[in-house]
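*Asks:* Just one file: data_15.cif, with mmCIF, C-alpha atoms, pLDDT in the B column; chains and numbers go by the auth columns.
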data_final
#
loop_
_atom_site.group_PDB
_atom_site.id
_atom_site.type_symbol
_atom_site.label_atom_id
_atom_site.label_comp_id
_atom_site.label_asym_id
_atom_site.label_seq_id
_atom_site.Cartn_x
_atom_site.Cartn_y
_atom_site.Cartn_z
_atom_site.B_iso_or_equiv
_atom_site.auth_seq_id
_atom_site.auth_asym_id
ATOM 1 C CA MET A 1 -197.111 -69.506 -138.354 84.00 1 Z
ATOM 2 C CA GLN A 2 -195.351 -68.588 -135.089 87.00 2 Z
ATOM 3 C CA VAL A 3 -193.501 -71.928 -135.080 87.00 3 Z
ATOM 4 C CA LYS A 4 -192.311 -71.438 -138.680 84.00 4 Z
ATOM 5 C CA LEU A 5 -191.144 -67.905 -137.978 84.00 5 Z
ATOM 6 C CA LEU A 6 -189.270 -69.013 -134.858 85.00 6 Z
ATOM 7 C CA ARG A 7 -187.507 -71.755 -136.829 84.00 7 Z
ATOM 8 C CA VAL A 8 -186.374 -69.283 -139.502 84.00 8 Z
ATOM 9 C CA LEU A 9 -185.014 -66.889 -136.864 84.00 9 Z
ATOM 10 C CA GLN A 10 -183.169 -69.616 -135.005 84.00 10 Z
ATOM 11 C CA GLU A 11 -181.805 -71.742 -137.844 83.00 11 Z
ATOM 12 C CA ARG A 12 -181.624 -68.994 -140.509 84.00 12 Z
ATOM 13 C CA LYS A 13 -183.041 -71.402 -143.073 87.00 13 Z
ATOM 14 C CA LEU A 14 -186.297 -71.512 -145.020 84.00 14 Z
ATOM 15 C CA ARG A 15 -187.861 -73.576 -147.776 82.00 15 Z
ATOM 16 C CA PRO A 16 -189.573 -71.546 -150.510 83.00 16 Z
ATOM 17 C CA VAL A 17 -192.971 -72.730 -151.740 86.00 17 Z
ATOM 18 C CA GLY A 18 -192.470 -75.492 -154.304 85.00 18 Z
ATOM 19 C CA ALA A 19 -188.795 -76.031 -153.438 84.00 19 Z
ATOM 20 C CA THR A 20 -187.326 -79.302 -152.218 85.00 20 Z
ATOM 21 C CA GLU A 21 -184.267 -77.858 -150.519 88.00 21 Z
ATOM 22 C CA GLU A 22 -183.827 -75.276 -147.795 86.00 22 Z
ATOM 23 C CA THR A 23 -182.194 -71.927 -148.462 87.00 23 Z
ATOM 24 C CA ILE A 24 -179.864 -70.218 -146.032 89.00 24 Z
ATOM 25 C CA VAL A 25 -180.901 -66.634 -145.275 86.00 25 Z
ATOM 26 C CA ASP A 26 -178.972 -63.839 -143.601 86.00 26 Z
ATOM 27 C CA THR A 27 -181.420 -61.137 -142.608 83.00 27 Z
ATOM 28 C CA ARG A 28 -182.191 -58.645 -139.888 85.00 28 Z
ATOM 29 C CA VAL A 29 -185.774 -58.567 -138.689 85.00 29 Z
ATOM 30 C CA ILE A 30 -187.517 -55.388 -137.572 88.00 30 Z
ATOM 31 C CA ALA A 31 -190.912 -56.221 -136.088 87.00 31 Z
ATOM 32 C CA ALA A 32 -193.612 -53.756 -135.084 85.00 32 Z
ATOM 33 C CA THR A 33 -196.941 -54.216 -133.324 86.00 33 Z
ATOM 34 C CA ASN A 34 -199.643 -52.192 -131.626 79.00 34 Z
ATOM 35 C CA ARG A 35 -200.420 -55.004 -129.185 83.00 35 Z
ATOM 36 C CA ASP A 36 -199.015 -55.812 -125.751 85.00 36 Z
ATOM 37 C CA LEU A 37 -197.066 -58.963 -126.538 88.00 37 Z
ATOM 38 C CA SER A 38 -196.043 -59.589 -122.925 88.00 38 Z
ATOM 39 C CA THR A 39 -199.723 -59.769 -121.967 89.00 39 Z
ATOM 40 C CA MET A 40 -200.399 -62.070 -124.921 91.00 40 Z
ATOM 41 C CA VAL A 41 -197.614 -64.354 -123.705 91.00 41 Z
ATOM 42 C CA LYS A 42 -199.285 -64.583 -120.289 91.00 42 Z
ATOM 43 C CA ASP A 43 -202.618 -65.294 -121.983 90.00 43 Z
ATOM 44 C CA GLY A 44 -201.048 -68.037 -124.076 91.00 44 Z
ATOM 45 C CA THR A 45 -201.847 -66.425 -127.447 92.00 45 Z
ATOM 46 C CA PHE A 46 -198.215 -65.632 -128.305 91.00 46 Z
ATOM 47 C CA ARG A 47 -195.261 -68.009 -127.976 92.00 47 Z
ATOM 48 C CA GLU A 48 -192.896 -67.060 -125.180 91.00 48 Z
ATOM 49 C CA ASP A 49 -189.790 -68.349 -126.997 90.00 49 Z
ATOM 50 C CA LEU A 50 -190.667 -66.276 -130.090 89.00 50 Z
ATOM 51 C CA PHE A 51 -191.307 -63.221 -127.932 90.00 51 Z
ATOM 52 C CA TYR A 52 -187.820 -63.336 -126.404 87.00 52 Z
ATOM 53 C CA ARG A 53 -186.294 -64.157 -129.792 87.00 53 Z
ATOM 54 C CA ILE A 54 -187.590 -60.942 -131.398 87.00 54 Z
ATOM 55 C CA SER A 55 -187.292 -58.722 -128.301 86.00 55 Z
ATOM 56 C CA VAL A 56 -183.556 -58.151 -128.639 86.00 56 Z
ATOM 57 C CA ILE A 57 -183.643 -54.336 -128.760 88.00 57 Z
ATOM 58 C CA PRO A 58 -187.202 -53.255 -127.936 88.00 58 Z
ATOM 59 C CA ILE A 59 -188.159 -49.670 -128.768 86.00 59 Z
ATOM 60 C CA GLU A 60 -191.424 -48.295 -127.423 84.00 60 Z
ATOM 61 C CA LEU A 61 -192.918 -45.571 -129.599 82.00 61 Z
ATOM 62 C CA PRO A 62 -195.688 -43.530 -127.899 86.00 62 Z
ATOM 63 C CA ALA A 63 -199.024 -43.192 -129.659 87.00 63 Z
ATOM 64 C CA LEU A 64 -199.525 -40.088 -131.779 90.00 64 Z
ATOM 65 C CA ARG A 65 -202.077 -38.712 -129.296 86.00 65 Z
ATOM 66 C CA GLU A 66 -199.247 -38.593 -126.752 88.00 66 Z
ATOM 67 C CA ARG A 67 -196.994 -36.664 -129.166 90.00 67 Z
ATOM 68 C CA VAL A 68 -199.205 -33.701 -130.050 90.00 68 Z
ATOM 69 C CA GLU A 69 -196.137 -31.553 -130.670 93.00 69 Z
ATOM 70 C CA ASP A 70 -195.225 -33.825 -133.616 94.00 70 Z
ATOM 71 C CA ILE A 71 -198.553 -33.371 -135.417 95.00 71 Z
ATOM 72 C CA PRO A 72 -197.782 -29.980 -137.079 95.00 72 Z
ATOM 73 C CA GLU A 73 -194.525 -31.256 -138.582 96.00 73 Z
ATOM 74 C CA LEU A 74 -196.083 -34.525 -139.716 96.00 74 Z
ATOM 75 C CA ALA A 75 -199.081 -32.725 -141.210 96.00 75 Z
ATOM 76 C CA LYS A 76 -196.797 -30.297 -143.053 96.00 76 Z
ATOM 77 C CA HIS A 77 -194.750 -33.203 -144.406 96.00 77 Z
ATOM 78 C CA PHE A 78 -197.818 -35.048 -145.717 96.00 78 Z
ATOM 79 C CA VAL A 79 -199.289 -31.878 -147.230 96.00 79 Z
ATOM 80 C CA GLU A 80 -196.053 -31.279 -149.139 95.00 80 Z
ATOM 81 C CA LYS A 81 -195.838 -34.953 -150.129 95.00 81 Z
ATOM 82 C CA PHE A 82 -199.341 -35.282 -151.546 95.00 82 Z
ATOM 83 C CA GLY A 83 -199.342 -31.747 -152.906 94.00 83 Z
ATOM 84 C CA ALA A 84 -196.200 -32.487 -154.906 94.00 84 Z
ATOM 85 C CA SER A 85 -197.787 -35.642 -156.316 92.00 85 Z
ATOM 86 C CA VAL A 86 -200.491 -33.518 -157.962 90.00 86 Z
ATOM 87 C CA GLY A 87 -198.265 -30.564 -158.794 93.00 87 Z
ATOM 88 C CA ARG A 88 -199.674 -28.196 -156.159 92.00 88 Z
ATOM 89 C CA THR A 89 -198.149 -26.144 -153.363 93.00 89 Z
ATOM 90 C CA LEU A 90 -200.438 -26.171 -150.341 94.00 90 Z
ATOM 91 C CA THR A 91 -200.348 -25.085 -146.723 94.00 91 Z
ATOM 92 C CA ILE A 92 -202.591 -26.015 -143.812 94.00 92 Z
ATOM 93 C CA SER A 93 -204.812 -23.458 -142.086 91.00 93 Z
ATOM 94 C CA ASP A 94 -204.652 -22.774 -138.354 89.00 94 Z
ATOM 95 C CA GLY A 95 -208.209 -24.005 -137.883 87.00 95 Z
ATOM 96 C CA ALA A 96 -207.500 -27.334 -139.566 91.00 96 Z
ATOM 97 C CA LEU A 97 -204.293 -27.745 -137.580 92.00 97 Z
ATOM 98 C CA ARG A 98 -206.127 -27.181 -134.285 89.00 98 Z
ATOM 99 C CA LEU A 99 -208.590 -29.941 -135.185 89.00 99 Z
ATOM 100 C CA LEU A 100 -205.740 -32.315 -136.009 92.00 100 Z
ATOM 101 C CA GLU A 101 -204.120 -31.583 -132.640 89.00 101 Z
ATOM 102 C CA GLN A 102 -207.379 -32.185 -130.746 85.00 102 Z
ATOM 103 C CA TYR A 103 -208.148 -35.546 -132.385 88.00 103 Z
ATOM 104 C CA GLN A 104 -207.149 -38.764 -130.563 85.00 104 Z
ATOM 105 C CA TRP A 105 -205.720 -40.619 -133.626 90.00 105 Z
ATOM 106 C CA PRO A 106 -206.499 -44.258 -132.838 86.00 106 Z
ATOM 107 C CA GLY A 107 -204.870 -45.131 -136.168 88.00 107 Z
ATOM 108 C CA ASN A 108 -201.725 -43.123 -135.310 91.00 108 Z
ATOM 109 C CA VAL A 109 -199.510 -41.706 -138.080 93.00 109 Z
ATOM 110 C CA ARG A 110 -201.070 -43.814 -140.839 93.00 110 Z
ATOM 111 C CA GLU A 111 -204.513 -42.361 -140.078 94.00 111 Z
ATOM 112 C CA LEU A 112 -203.076 -38.835 -140.131 96.00 112 Z
ATOM 113 C CA GLU A 113 -201.454 -39.539 -143.487 96.00 113 Z
ATOM 114 C CA HIS A 114 -204.725 -40.748 -144.999 95.00 114 Z
ATOM 115 C CA ALA A 115 -206.617 -37.742 -143.589 95.00 115 Z
ATOM 116 C CA ILE A 116 -204.146 -35.323 -145.202 96.00 116 Z
ATOM 117 C CA GLU A 117 -204.229 -37.237 -148.497 95.00 117 Z
ATOM 118 C CA ARG A 118 -208.020 -36.866 -148.533 94.00 118 Z
ATOM 119 C CA ALA A 119 -207.849 -33.161 -147.680 94.00 119 Z
ATOM 120 C CA VAL A 120 -205.339 -32.452 -150.447 94.00 120 Z
ATOM 121 C CA ALA A 121 -207.571 -34.201 -152.986 93.00 121 Z
ATOM 122 C CA LEU A 122 -210.649 -32.208 -151.937 92.00 122 Z
ATOM 123 C CA GLU A 123 -209.138 -28.772 -151.309 92.00 123 Z
ATOM 124 C CA THR A 124 -209.767 -26.155 -154.000 90.00 124 Z
ATOM 125 C CA THR A 125 -207.842 -23.283 -152.385 91.00 125 Z
ATOM 126 C CA ASP A 126 -204.166 -22.934 -151.530 92.00 126 Z
ATOM 127 C CA SER A 127 -204.653 -23.851 -147.865 93.00 127 Z
ATOM 128 C CA ILE A 128 -206.222 -26.943 -146.284 93.00 128 Z
ATOM 129 C CA GLN A 129 -209.476 -25.857 -144.602 90.00 129 Z
ATOM 130 C CA PRO A 130 -211.193 -27.642 -141.661 88.00 130 Z
ATOM 131 C CA GLU A 131 -214.143 -28.683 -143.802 87.00 131 Z
ATOM 132 C CA ARG A 132 -211.818 -30.813 -145.974 90.00 132 Z
ATOM 133 C CA LEU A 133 -210.992 -33.103 -143.037 91.00 133 Z
ATOM 134 C CA PRO A 134 -212.971 -36.298 -142.297 89.00 134 Z
ATOM 135 C CA GLU A 135 -216.153 -35.864 -140.266 83.00 135 Z
ATOM 136 C CA LYS A 136 -214.794 -37.872 -137.341 85.00 136 Z
ATOM 137 C CA ILE A 137 -212.025 -35.286 -136.967 88.00 137 Z
ATOM 138 C CA THR A 138 -214.293 -32.259 -137.257 83.00 138 Z
ATOM 139 C CA ASP A 139 -216.519 -33.845 -134.576 72.00 139 Z
ATOM 140 C CA TYR A 140 -219.645 -34.079 -136.702 50.00 140 Z
ATOM 141 C CA ASN A 141 -222.295 -36.032 -134.793 53.00 141 Z
ATOM 142 C CA PRO A 142 -225.462 -36.875 -136.777 53.00 142 Z
ATOM 143 C CA TYR A 143 -227.290 -38.032 -133.627 57.00 143 Z
ATOM 144 C CA ARG A 144 -226.647 -34.718 -131.895 55.00 144 Z
ATOM 145 C CA ILE A 145 -227.911 -32.878 -134.985 54.00 145 Z
ATOM 146 C CA ALA A 146 -231.064 -35.012 -134.995 60.00 146 Z
ATOM 147 C CA GLU A 147 -231.729 -34.109 -131.362 57.00 147 Z
ATOM 148 C CA ILE A 148 -231.426 -30.380 -132.028 55.00 148 Z
ATOM 149 C CA PHE A 149 -233.414 -30.117 -135.272 62.00 149 Z
ATOM 150 C CA GLU A 150 -236.802 -31.581 -136.087 68.00 150 Z
ATOM 151 C CA PHE A 151 -237.594 -32.472 -139.662 70.00 151 Z
ATOM 152 C CA PRO A 152 -240.863 -30.830 -140.777 74.00 152 Z
ATOM 153 C CA GLU A 153 -243.579 -33.224 -141.861 79.00 153 Z
ATOM 154 C CA GLU A 154 -244.220 -31.170 -144.998 82.00 154 Z
ATOM 155 C CA GLY A 155 -240.529 -31.277 -145.933 82.00 155 Z
ATOM 156 C CA LEU A 156 -238.208 -28.319 -146.450 77.00 156 Z
ATOM 157 C CA ASN A 157 -236.079 -26.491 -148.988 82.00 157 Z
ATOM 158 C CA LEU A 158 -232.731 -27.926 -147.916 82.00 158 Z
ATOM 159 C CA THR A 159 -230.603 -25.467 -149.899 83.00 159 Z
ATOM 160 C CA ALA A 160 -232.403 -22.433 -148.501 82.00 160 Z
ATOM 161 C CA HIS A 161 -232.389 -23.914 -144.997 79.00 161 Z
ATOM 162 C CA LEU A 162 -228.659 -24.578 -145.038 84.00 162 Z
ATOM 163 C CA ASP A 163 -227.953 -21.102 -146.403 84.00 163 Z
ATOM 164 C CA GLN A 164 -229.981 -19.538 -143.610 83.00 164 Z
ATOM 165 C CA LEU A 165 -228.319 -21.738 -141.013 84.00 165 Z
ATOM 166 C CA GLU A 166 -224.903 -20.790 -142.355 89.00 166 Z
ATOM 167 C CA LYS A 167 -225.807 -17.103 -142.255 88.00 167 Z
ATOM 168 C CA THR A 168 -227.095 -17.435 -138.684 87.00 168 Z
ATOM 169 C CA TYR A 169 -223.847 -18.933 -137.437 89.00 169 Z
ATOM 170 C CA VAL A 170 -221.756 -16.322 -139.246 91.00 170 Z
ATOM 171 C CA LEU A 171 -223.818 -13.489 -137.762 89.00 171 Z
ATOM 172 C CA GLU A 172 -223.575 -14.968 -134.273 89.00 172 Z
ATOM 173 C CA ALA A 173 -219.792 -15.288 -134.578 90.00 173 Z
ATOM 174 C CA LEU A 174 -219.581 -11.647 -135.697 90.00 174 Z
ATOM 175 C CA ARG A 175 -221.835 -10.565 -132.842 87.00 175 Z
ATOM 176 C CA ARG A 176 -219.685 -12.327 -130.261 89.00 176 Z
ATOM 177 C CA THR A 177 -216.522 -10.750 -131.656 90.00 177 Z
ATOM 178 C CA ALA A 178 -218.009 -7.254 -132.229 88.00 178 Z
ATOM 179 C CA GLY A 179 -217.470 -7.531 -135.985 88.00 179 Z
ATOM 180 C CA ASN A 180 -213.819 -8.650 -135.795 90.00 180 Z
ATOM 181 C CA GLN A 181 -213.402 -10.888 -138.834 91.00 181 Z
ATOM 182 C CA THR A 182 -210.188 -12.523 -137.592 91.00 182 Z
ATOM 183 C CA ASN A 183 -211.713 -13.550 -134.258 90.00 183 Z
ATOM 184 C CA ALA A 184 -214.972 -14.603 -135.914 91.00 184 Z
ATOM 185 C CA SER A 185 -213.123 -16.821 -138.387 90.00 185 Z
ATOM 186 C CA GLU A 186 -211.354 -18.526 -135.458 91.00 186 Z
ATOM 187 C CA LEU A 187 -214.700 -19.260 -133.787 89.00 187 Z
ATOM 188 C CA LEU A 188 -215.968 -20.801 -137.016 91.00 188 Z
ATOM 189 C CA LEU A 189 -212.678 -22.651 -137.678 88.00 189 Z
ATOM 190 C CA LEU A 190 -212.365 -20.936 -141.052 87.00 190 Z
ATOM 191 C CA SER A 191 -209.704 -18.865 -142.707 87.00 191 Z
ATOM 192 C CA VAL A 192 -210.364 -15.128 -142.901 87.00 192 Z
ATOM 193 C CA ARG A 193 -210.629 -15.455 -146.667 88.00 193 Z
ATOM 194 C CA SER A 194 -213.289 -18.164 -146.363 89.00 194 Z
ATOM 195 C CA LEU A 195 -215.235 -16.026 -143.908 91.00 195 Z
ATOM 196 C CA ARG A 196 -215.140 -13.039 -146.244 90.00 196 Z
ATOM 197 C CA HIS A 197 -216.454 -15.257 -149.023 90.00 197 Z
ATOM 198 C CA LEU A 198 -219.440 -16.121 -146.823 90.00 198 Z
ATOM 199 C CA LEU A 199 -219.956 -12.456 -145.938 91.00 199 Z
ATOM 200 C CA ASP A 200 -220.123 -11.583 -149.625 89.00 200 Z
ATOM 201 C CA LYS A 201 -222.314 -14.598 -150.349 88.00 201 Z
ATOM 202 C CA HIS A 202 -224.926 -13.478 -147.813 86.00 202 Z
ATOM 203 C CA GLY A 203 -224.421 -9.739 -148.446 85.00 203 Z
ATOM 204 C CA ILE A 204 -223.499 -8.937 -144.839 87.00 204 Z
ATOM 205 C CA ARG A 205 -219.903 -7.740 -145.110 85.00 205 Z
ATOM 206 C CA SER A 206 -220.960 -4.147 -144.331 84.00 206 Z
ATOM 207 C CA LEU A 207 -222.313 -5.336 -140.981 83.00 207 Z
ATOM 208 C CA THR A 208 -218.820 -5.950 -139.691 83.00 208 Z
ATOM 209 C CA ALA A 209 -217.932 -2.266 -139.959 81.00 209 Z
ATOM 210 C CA GLN A 210 -221.264 -1.333 -138.386 81.00 210 Z
ATOM 211 C CA MET A 211 -220.658 -3.677 -135.456 83.00 211 Z
ATOM 212 C CA ARG A 212 -217.184 -2.253 -134.914 80.00 212 Z
ATOM 213 C CA ASP A 213 -218.564 1.315 -134.980 78.00 213 Z
ATOM 214 C CA GLU A 214 -221.232 0.399 -132.449 76.00 214 Z
ATOM 215 C CA ARG A 215 -218.582 -1.135 -130.224 74.00 215 Z
ATOM 216 C CA ARG A 216 -216.440 1.989 -130.380 74.00 216 Z
ATOM 217 C CA SER A 217 -219.385 4.314 -129.838 70.00 217 Z
ATOM 218 C CA GLY A 218 -220.412 2.322 -126.804 63.00 218 Z
ATOM 219 C CA ASP A 219 -216.978 2.714 -125.291 58.00 219 Z
ATOM 220 C CA SER A 220 -216.670 6.483 -125.869 53.00 220 Z
ATOM 221 C CA THR A 221 -218.681 9.683 -125.449 49.00 221 Z
ATOM 222 C CA PRO A 222 -221.225 10.073 -128.279 50.00 222 Z
ATOM 223 C CA ARG A 223 -220.399 12.763 -130.809 52.00 223 Z
ATOM 224 C CA ARG A 224 -222.832 15.672 -131.307 52.00 224 Z
ATOM 225 C CA ARG A 225 -224.558 15.616 -134.648 51.00 225 Z
ATOM 226 C CA SER A 226 -225.142 18.727 -136.733 51.00 226 Z
ATOM 227 C CA THR A 227 -228.897 18.438 -136.176 55.00 227 Z
ATOM 228 C CA ASP A 228 -228.572 18.409 -132.377 54.00 228 Z
ATOM 229 C CA PRO A 229 -229.497 21.696 -130.561 56.00 229 Z
ATOM 230 C CA THR A 230 -226.586 23.901 -129.603 55.00 230 Z
ATOM 231 C CA PRO A 231 -225.632 23.177 -125.988 53.00 231 Z
ATOM 232 C CA ARG A 232 -225.781 26.059 -123.536 54.00 232 Z
ATOM 233 C CA ARG A 233 -222.483 27.381 -122.320 54.00 233 Z
ATOM 234 C CA ARG A 234 -221.636 27.392 -118.645 51.00 234 Z
ATOM 235 C CA ASP A 235 -221.150 31.219 -118.724 52.00 235 Z
ATOM 236 C CA ASP A 236 -224.761 31.653 -119.895 50.00 236 Z
ATOM 237 C CA ASP A 237 -226.028 29.590 -116.964 51.00 237 Z
ATOM 238 C CA ASP A 238 -223.994 31.665 -114.514 50.00 238 Z
ATOM 239 C CA GLU A 239 -225.207 35.002 -115.947 50.00 239 Z
ATOM 240 C CA SER A 240 -228.866 33.941 -115.938 49.00 240 Z
ATOM 241 C CA GLY A 241 -228.515 32.762 -112.362 50.00 241 Z
ATOM 242 C CA PHE A 242 -226.934 36.068 -111.335 45.00 242 Z
ATOM 243 C CA ALA A 243 -229.699 38.081 -113.056 46.00 243 Z
ATOM 244 C CA ALA A 244 -232.380 36.045 -111.319 47.00 244 Z
ATOM 245 C CA GLY A 245 -230.712 36.687 -107.964 51.00 245 Z
ATOM 246 C CA VAL A 246 -230.663 40.459 -108.534 46.00 246 Z
ATOM 247 C CA GLY A 247 -234.330 40.550 -109.495 48.00 247 Z
ATOM 248 C CA GLU A 248 -235.315 38.672 -106.358 48.00 248 Z
ATOM 249 C CA SER A 249 -233.418 41.083 -104.115 44.00 249 Z
#
Represent the structure contained in this file as C-alpha cells.

*Replies:*
Amino acid sequence: MQVKLLRVLQERKLRPVGATEETIVDTRVIAATNRDLSTMVKDGTFREDLFYRISVIPIELPALRERVEDIPELAKHFVEKFGASVGRTLTISDGALRLLEQYQWPGNVRELEHAIERAVALETTDSIQPERLPEKITDYNPYRIAEIFEFPEEGLNLTAHLDQLEKTYVLEALRRTAGNQTNASELLLLSVRSLRHLLDKHGIRSLTAQMRDERRSGDSTPRRRSTDPTPRRRDDDDESGFAAGVGES
C-alpha cells in the first residue's frame, strides 16, 4: 500500500479498480497520524521516501491532555452540537467539567466527543451531571470496591443497601462542610439541585440548617434560655460581700 500511495503522490496518476487506463489526479493530501513516523522509518516499518514525500509542512498538534485549557470550550461545543440534534439546550455542570479536565484522554478529541454524546443522550436535566459520564472518566474502580466491601453470604437487599450508602455519603459531606449545601455538593461532584433532591429523598434536608446552627453556636457565646435561672448581678455580689465584712468586724 505504501508503494502505491508513493506512486500516486509522485506521478499524480492512479488506475481505478476495473479500469484499463490511468487517470490523472490533481489533489492536495493532508495526512494525520498518532504514531512517530520518524521512529518507524528507523525501524523499517515505514518507507523513508514516502515519509519525506508527505512531510512537506509538518504540524505537530499536542495531545488533548496537554491542552487542558481547551477542554471547556470543546466540551461546550459538543454539548451544543449534540443537544441541538435532539432539540435540547443543555449546559455542563462544574463537577462534570472538573472530571473532564482531570482525565488523561488517550483517545484525544474524538474520545471527548463520544463521551459528551453519551452524556447528552443519558441526561434528564438541563445540565450534564458527573454521573452521566463514562465510568473510566468518573474513576470507578470495581476492584477497589470489591476490596472495601464484602458480599454477605446470605445475600442483601441491594436497593436498600445502596440507598443507605448514598445517605451515608451525603451526611458525611454535610458534616465536613458544616451543613453548607454548596460545598457539600462540590465534594460529591453534584449540582446543588441534585444534592437537594437527595436530601429530600432521604428526609434529611432539615439537618443542614441544624448543622449550620450548631456551627454558629459553637463559634459564639451561648444565648440564655428563658428557663435558665436569672444570673446574679455584680452589684449584688459586692453588697453581700460588704455586708459580710461588716458582720465580721

*Asks:* My list of candidates is Z:Asn180, Z:Ser127, Z:Thr27, Z:Thr20. Which is closest to Asp213 in chain Z when distances are computed with all atoms listed in the file?

*Replies:*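 For Asp213 in chain Z, the nearest of the given residues is Z:Asn180.
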
*Asks:* Considering only C-alpha atoms, state which residue in the set Z:Leu50, Z:Leu195, Z:Ala160, Z:Leu90 is at the smallest distance from Leu37 in chain Z.

*Replies:* Z:Leu50

*Asks:* With distances taken over all atoms listed in the file, which of Z:Leu207, Z:Glu135, Z:Asp200, Z:Leu64 is nearest to Glu113 in chain Z?

*Replies:*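 Using all atoms listed in the file, the shortest distance to Glu113 in chain Z belongs to Z:Leu64.
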
*Asks:* Please write the residues picked by the PyMOL selection byres ((chain Z and resi 73) around 12) on this file as a PyMOL selection string.

*Replies:* chain Z and resi 67-72+74-80+91-92+97+100-101+109+112-113

*Asks:* Write out the residues from the selection above, keeping C-alpha atoms, as a short mmCIF file (atom, residue, chain, number, x, y, z; two decimals), keeping the file's coordinate frame.

*Replies:*
data_model
loop_
_atom_site.label_atom_id
_atom_site.label_comp_id
_atom_site.auth_asym_id
_atom_site.auth_seq_id
_atom_site.Cartn_x
_atom_site.Cartn_y
_atom_site.Cartn_z
CA ARG Z 67 -196.99 -36.66 -129.17
CA VAL Z 68 -199.20 -33.70 -130.05
CA GLU Z 69 -196.14 -31.55 -130.67
CA ASP Z 70 -195.22 -33.83 -133.62
CA ILE Z 71 -198.55 -33.37 -135.42
CA PRO Z 72 -197.78 -29.98 -137.08
CA LEU Z 74 -196.08 -34.52 -139.72
CA ALA Z 75 -199.08 -32.72 -141.21
CA LYS Z 76 -196.80 -30.30 -143.05
CA HIS Z 77 -194.75 -33.20 -144.41
CA PHE Z 78 -197.82 -35.05 -145.72
CA VAL Z 79 -199.29 -31.88 -147.23
CA GLU Z 80 -196.05 -31.28 -149.14
CA THR Z 91 -200.35 -25.08 -146.72
CA ILE Z 92 -202.59 -26.02 -143.81
CA LEU Z 97 -204.29 -27.74 -137.58
CA LEU Z 100 -205.74 -32.32 -136.01
CA GLU Z 101 -204.12 -31.58 -132.64
CA VAL Z 109 -199.51 -41.71 -138.08
CA LEU Z 112 -203.08 -38.84 -140.13
CA GLU Z 113 -201.45 -39.54 -143.49
#

*Asks:* For Asn183 in chain Z, list every protein, DNA or RNA residue within 10 Å, evaluated using only C-alpha atoms, and leave out those in the same chain fewer than 5 positions away; present the list as a VMD selection string.

*Replies:* chain Z and resid 173 to 174 176 to 178 188 to 189 192

*Asks:* Output range 156-170 of chain Z as a tab-separated table (two decimals), in the frame of the given file, making sure N, CA and C atoms are there.

*Replies:*
chain	number	residue	atom	x	y	z
Z	156	LEU	N	-238.82	-29.65	-146.47
Z	156	LEU	CA	-238.21	-28.32	-146.45
Z	156	LEU	C	-237.33	-28.12	-147.67
Z	157	ASN	N	-237.02	-26.85	-147.93
Z	157	ASN	CA	-236.08	-26.49	-148.99
Z	157	ASN	C	-234.68	-26.57	-148.38
Z	158	LEU	N	-233.99	-27.69	-148.59
Z	158	LEU	CA	-232.73	-27.93	-147.92
Z	158	LEU	C	-231.69	-26.86	-148.25
Z	159	THR	N	-231.60	-26.47	-149.50
Z	159	THR	CA	-230.60	-25.47	-149.90
Z	159	THR	C	-230.83	-24.15	-149.18
Z	160	ALA	N	-232.09	-23.69	-149.17
Z	160	ALA	CA	-232.40	-22.43	-148.50
Z	160	ALA	C	-232.19	-22.54	-146.99
Z	161	HIS	N	-232.54	-23.71	-146.44
Z	161	HIS	CA	-232.39	-23.91	-145.00
Z	161	HIS	C	-230.92	-23.88	-144.59
Z	162	LEU	N	-230.09	-24.55	-145.35
Z	162	LEU	CA	-228.66	-24.58	-145.04
Z	162	LEU	C	-228.03	-23.20	-145.20
Z	163	ASP	N	-228.46	-22.46	-146.22
Z	163	ASP	CA	-227.95	-21.10	-146.40
Z	163	ASP	C	-228.32	-20.22	-145.22
Z	164	GLN	N	-229.55	-20.35	-144.75
Z	164	GLN	CA	-229.98	-19.54	-143.61
Z	164	GLN	C	-229.25	-19.95	-142.34
Z	165	LEU	N	-229.05	-21.25	-142.18
Z	165	LEU	CA	-228.32	-21.74	-141.01
Z	165	LEU	C	-226.88	-21.24	-141.03
Z	166	GLU	N	-226.27	-21.28	-142.19
Z	166	GLU	CA	-224.90	-20.79	-142.35
Z	166	GLU	C	-224.83	-19.30	-142.01
Z	167	LYS	N	-225.77	-18.55	-142.52
Z	167	LYS	CA	-225.81	-17.10	-142.26
Z	167	LYS	C	-226.00	-16.83	-140.77
Z	168	THR	N	-226.84	-17.63	-140.12
Z	168	THR	CA	-227.10	-17.43	-138.68
Z	168	THR	C	-225.83	-17.62	-137.86
Z	169	TYR	N	-225.08	-18.67	-138.18
Z	169	TYR	CA	-223.85	-18.93	-137.44
Z	169	TYR	C	-222.80	-17.85	-137.70
Z	170	VAL	N	-222.71	-17.39	-138.92
Z	170	VAL	CA	-221.76	-16.32	-139.25
Z	170	VAL	C	-222.11	-15.05	-138.49
